[in-house]
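**Student:** Next up is a structure, given as structure tokens.
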Amino acid sequence: LPRAAYCAGPVRILLHLRHSSRVVATPTALLAWPAREREGPQPVEYFLQQLINGVTLGSIYGLIAIGYTMVYGIVGMINFAHGDIFMVGAFIALILLLTLLSVGVTMIPLALLIVLLLAMALTAVWGWSIERIAYRPLRESFRLAPLITAIGISIILQNFIQVAQGARVKPLQPVVTGGYTLFQEGSFTVNISNIQILIIVTTLVLMIVFWLIIT
């Protein structure tokens, strides 16, 4: 193409291509040609990898949703502080895990089992205390009172954790490592890690148990 065609912009280039007898490829083919040379994940492989990631993240949300459903079914109110209690449970589990590792409990399955049981128990006590102190006195009050109280409890828990543990992200080396390569296409691999398998299986088991309880 002449230099003037490049300087004039895309419209001038297309007009020049249209009236030029030397052009043997259409603009669509010229635009598509570099894509065939580019290496990267194909749509199917990319979709499968994102599907695995999405199911894992959705399983975590599902675990929180089970708690929301149980609280609403028993207490009859939407607990806006439920996610913050979940956060407190995560910090309790982190502290317990580091404590066990510091005292010499290095068997990972045993440490995870102890952390799971203790974190569940302490978080349950924490939630029970909040219900007894903040929610139960307002059960006979007007309908918005428990909701406003739940928002206040949420703000209190967030600021308490920021003061007690700091506002920075707490980096932790993965305890459950390893995974599986489902298949590979060129330089792109579709992987699923052991922690993703653990999250998905745990969520499915708890959902089945919860469904059996309520039915």
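We label chains A, B, ... in the order they appear in the structure tokens, count residues from 1 in each chain, and number ligands from 1 in the order shown.
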What are the DSSP strand (DSSP E) residues of stretch 72-187 of chain A, as a ChimeraX atom specification?
**Tutor:** /A:179-185
**Student:** Please, could you write that set of residues out with N, CA, C and O atoms as a PDB file, in the first residue's frame?
**Tutor:**
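Full text of result00.pdb as output:
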```pdb
ATOM      1  N   GLY A 179      -2.034 -32.137  41.950  1.00  0.00           N
ATOM      2  CA  GLY A 179      -3.221 -32.106  41.111  1.00  0.00           C
ATOM      3  C   GLY A 179      -3.060 -33.034  39.930  1.00  0.00           C
ATOM      4  O   GLY A 179      -2.133 -33.855  39.873  1.00  0.00           O
ATOM      5  N   TYR A 180      -3.966 -32.884  38.983  1.00  0.00           N
ATOM      6  CA  TYR A 180      -4.000 -33.771  37.825  1.00  0.00           C
ATOM      7  C   TYR A 180      -4.136 -32.934  36.559  1.00  0.00           C
ATOM      8  O   TYR A 180      -4.829 -31.912  36.540  1.00  0.00           O
ATOM      9  N   THR A 181      -3.459 -33.370  35.521  1.00  0.00           N
ATOM     10  CA  THR A 181      -3.591 -32.773  34.205  1.00  0.00           C
ATOM     11  C   THR A 181      -4.590 -33.597  33.400  1.00  0.00           C
ATOM     12  O   THR A 181      -4.339 -34.767  33.116  1.00  0.00           O
ATOM     13  N   LEU A 182      -5.717 -32.998  33.083  1.00  0.00           N
ATOM     14  CA  LEU A 182      -6.754 -33.727  32.361  1.00  0.00           C
ATOM     15  C   LEU A 182      -6.338 -33.983  30.917  1.00  0.00           C
ATOM     16  O   LEU A 182      -6.414 -35.103  30.431  1.00  0.00           O
ATOM     17  N   PHE A 183      -5.917 -32.953  30.214  1.00  0.00           N
ATOM     18  CA  PHE A 183      -5.330 -33.137  28.889  1.00  0.00           C
ATOM     19  C   PHE A 183      -4.605 -31.857  28.510  1.00  0.00           C
ATOM     20  O   PHE A 183      -4.768 -30.817  29.144  1.00  0.00           O
ATOM     21  N   GLN A 184      -3.800 -31.948  27.474  1.00  0.00           N
ATOM     22  CA  GLN A 184      -2.955 -30.844  27.050  1.00  0.00           C
ATOM     23  C   GLN A 184      -3.109 -30.636  25.560  1.00  0.00           C
ATOM     24  O   GLN A 184      -3.126 -31.583  24.779  1.00  0.00           O
ATOM     25  N   GLU A 185      -3.228 -29.369  25.177  1.00  0.00           N
ATOM     26  CA  GLU A 185      -3.341 -29.009  23.776  1.00  0.00           C
ATOM     27  C   GLU A 185      -2.304 -27.935  23.487  1.00  0.00           C
ATOM     28  O   GLU A 185      -2.453 -26.780  23.866  1.00  0.00           O
TER      29      GLU A 185
END
```
**Student:** Using only C-alpha atoms, determine which residues lie at most 12 Å from A:Val175, disregarding the query and same-chain residues fewer than 5 positions distant; provide the list as JSON, numbers by chain.
**Tutor:** {"A": [94, 97, 98, 101, 106, 107, 108, 109, 111, 112, 194, 195]}
**Student:** Counting only C-alpha atoms, which residue out of A:Ala81, A:Ala167, A:Leu122, A:Ile192 sits closest to A:Thr149?
**Tutor:**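 Closest residue, counting only C-alpha atoms: A:Ala81.
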**Student:** Provide the atom CA of A:Ile197 to atom CA of A:Ala93 distance in Å, to one decimal place.
**Tutor:**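 Distance between the two atoms: 19.8 Å.
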**Student:** Of the candidates A:Val190, A:Ile95, A:Met87, A:Ile156, which one gets nearest to A:Pro43 if we count only C-alpha atoms?
**Tutor:** A:Val190
**Student:** Tell me, as a list in words, which residues lie within 10 Å of A:Val75, counting only C-alpha atoms; anything in the same chain fewer than 2 positions away does not count.
**Tutor:**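 The filter keeps Met70, Val71, Tyr72, Gly73, Met77, Ile78, Asn79, Glu131, Tyr135, Arg136 and Arg139 of chain A.
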**Student:** Can those selected residues be exported to a file as a compact mmCIF listing (two decimals), in the first residue's frame so that it contains N, CA and C atoms?
**Tutor:**
```
# COMPACT_ATOMS: atom_id res chain seq x y z
N MET A 70 -29.79 -22.25 56.52
CA MET A 70 -30.09 -22.81 57.85
C MET A 70 -30.45 -21.71 58.83
N VAL A 71 -29.71 -20.59 58.82
CA VAL A 71 -30.01 -19.49 59.74
C VAL A 71 -31.39 -18.91 59.44
N TYR A 72 -31.69 -18.70 58.16
CA TYR A 72 -33.00 -18.14 57.82
C TYR A 72 -34.13 -19.10 58.16
N GLY A 73 -33.90 -20.41 57.97
CA GLY A 73 -34.94 -21.38 58.27
C GLY A 73 -35.20 -21.54 59.76
N MET A 77 -34.65 -14.86 59.95
CA MET A 77 -34.12 -13.56 59.57
C MET A 77 -32.89 -13.75 58.69
N ILE A 78 -32.61 -12.74 57.91
CA ILE A 78 -31.42 -12.76 57.06
C ILE A 78 -30.25 -12.22 57.87
N ASN A 79 -29.28 -13.07 58.11
CA ASN A 79 -28.13 -12.69 58.93
C ASN A 79 -27.06 -12.08 58.03
N GLU A 131 -26.10 -14.59 68.51
CA GLU A 131 -27.56 -14.76 68.48
C GLU A 131 -28.17 -14.48 69.84
N TYR A 135 -29.40 -10.86 68.72
CA TYR A 135 -30.59 -11.14 67.93
C TYR A 135 -31.80 -11.53 68.77
N ARG A 136 -31.61 -12.39 69.76
CA ARG A 136 -32.75 -12.92 70.52
C ARG A 136 -33.53 -11.82 71.25
N ARG A 139 -36.17 -10.35 68.87
CA ARG A 139 -37.00 -11.25 68.08
C ARG A 139 -38.45 -10.79 68.04
```
**Student:** For A:Gly127, list every protein, DNA or RNA residue within 12 Å, evaluated using only C-alpha atoms, and leave out those in the same chain fewer than 2 positions away; present the list as a ChimeraX atom specification.
**Tutor:** /A:67,71,79,81-89,120-125,129-135,150,153-154,157
**Student:** Which residue gives the smallest distance to A:Tyr46 among A:Thr189, A:Ile213, A:Val201, A:Trp126, with only C-alpha atoms counted?
**Tutor:** A:Thr189
**Student:** Mind checking which residues fall within 8 Å of A:Ile60, counting only C-alpha atoms, ignoring those fewer than 4 positions away in the same chain, and posting them as a list in words?
**Tutor:** Thr56, Ile64, Ile199 and Thr203 of chain A
**Student:** Write out the residues from the selection above, keeping N, CA and C atoms, as a short mmCIF file (atom, residue, chain, number, x, y, z; two decimals), in the first residue's frame.
**Tutor:**
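And here's out_14.cif as it stands now:
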```cif
data_model
loop_
_atom_site.label_atom_id
_atom_site.label_comp_id
_atom_site.auth_asym_id
_atom_site.auth_seq_id
_atom_site.Cartn_x
_atom_site.Cartn_y
_atom_site.Cartn_z
N THR A 56 -15.47 -24.65 41.27
CA THR A 56 -14.79 -24.56 42.57
C THR A 56 -15.23 -23.32 43.34
N ILE A 64 -21.30 -21.26 51.90
CA ILE A 64 -21.83 -20.10 52.62
C ILE A 64 -23.35 -20.06 52.50
N ILE A 199 -12.64 -29.27 47.71
CA ILE A 199 -13.71 -28.28 47.88
C ILE A 199 -15.01 -28.76 47.26
N THR A 203 -18.40 -29.84 49.39
CA THR A 203 -19.66 -29.13 49.18
C THR A 203 -20.78 -30.08 48.79
#
```
**Student:** Any chance you could list, as a ChimeraX atom specification, the residues in stretch 33-213 of chain A that come up alpha helix (DSSP H) when DSSP is run on the backbone?
**Tutor:** /A:33-37,43-75,82-102,108-130,144-165,194-213
**Student:** Pick from A:Ala90, A:Gln196, A:Thr202, A:Trp211: nearest to A:Ile52, with only C-alpha atoms counted?
**Tutor:**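 Among the listed residues, the smallest separation from A:Ile52 belongs to A:Gln196.
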**Student:** Quick one: everything within 10 Å of A:Gly62, counting only C-alpha atoms, minus sequence neighbours fewer than 4 positions away in the same chain. Send it as an mmCIF file with C-alpha atoms, in the first residue's frame.
**Tutor:**
```cif
data_model
loop_
_atom_site.group_PDB
_atom_site.id
_atom_site.type_symbol
_atom_site.label_atom_id
_atom_site.label_comp_id
_atom_site.auth_asym_id
_atom_site.auth_seq_id
_atom_site.Cartn_x
_atom_site.Cartn_y
_atom_site.Cartn_z
ATOM 1 C CA VAL A 55 -17.428 -24.837 39.834
ATOM 2 C CA THR A 56 -14.788 -24.556 42.568
ATOM 3 C CA LEU A 57 -15.662 -20.941 43.329
ATOM 4 C CA GLY A 58 -19.367 -21.751 43.178
ATOM 5 C CA ILE A 66 -25.995 -23.542 53.214
ATOM 6 C CA GLY A 67 -25.324 -21.502 56.352
ATOM 7 C CA TYR A 68 -27.538 -18.651 55.141
ATOM 8 C CA ILE A 200 -16.137 -29.709 45.339
ATOM 9 C CA THR A 203 -19.663 -29.126 49.175
ATOM 10 C CA LEU A 204 -21.527 -31.977 47.479
ATOM 11 C CA LEU A 206 -22.651 -31.308 52.866
ATOM 12 C CA MET A 207 -25.427 -30.373 50.438
#
```
**Student:** Using only C-alpha atoms, which residue out of A:Phe80, A:Gln173, A:Leu212, A:Ile92 lies closest to A:Ile155?
**Tutor:** A:Phe80
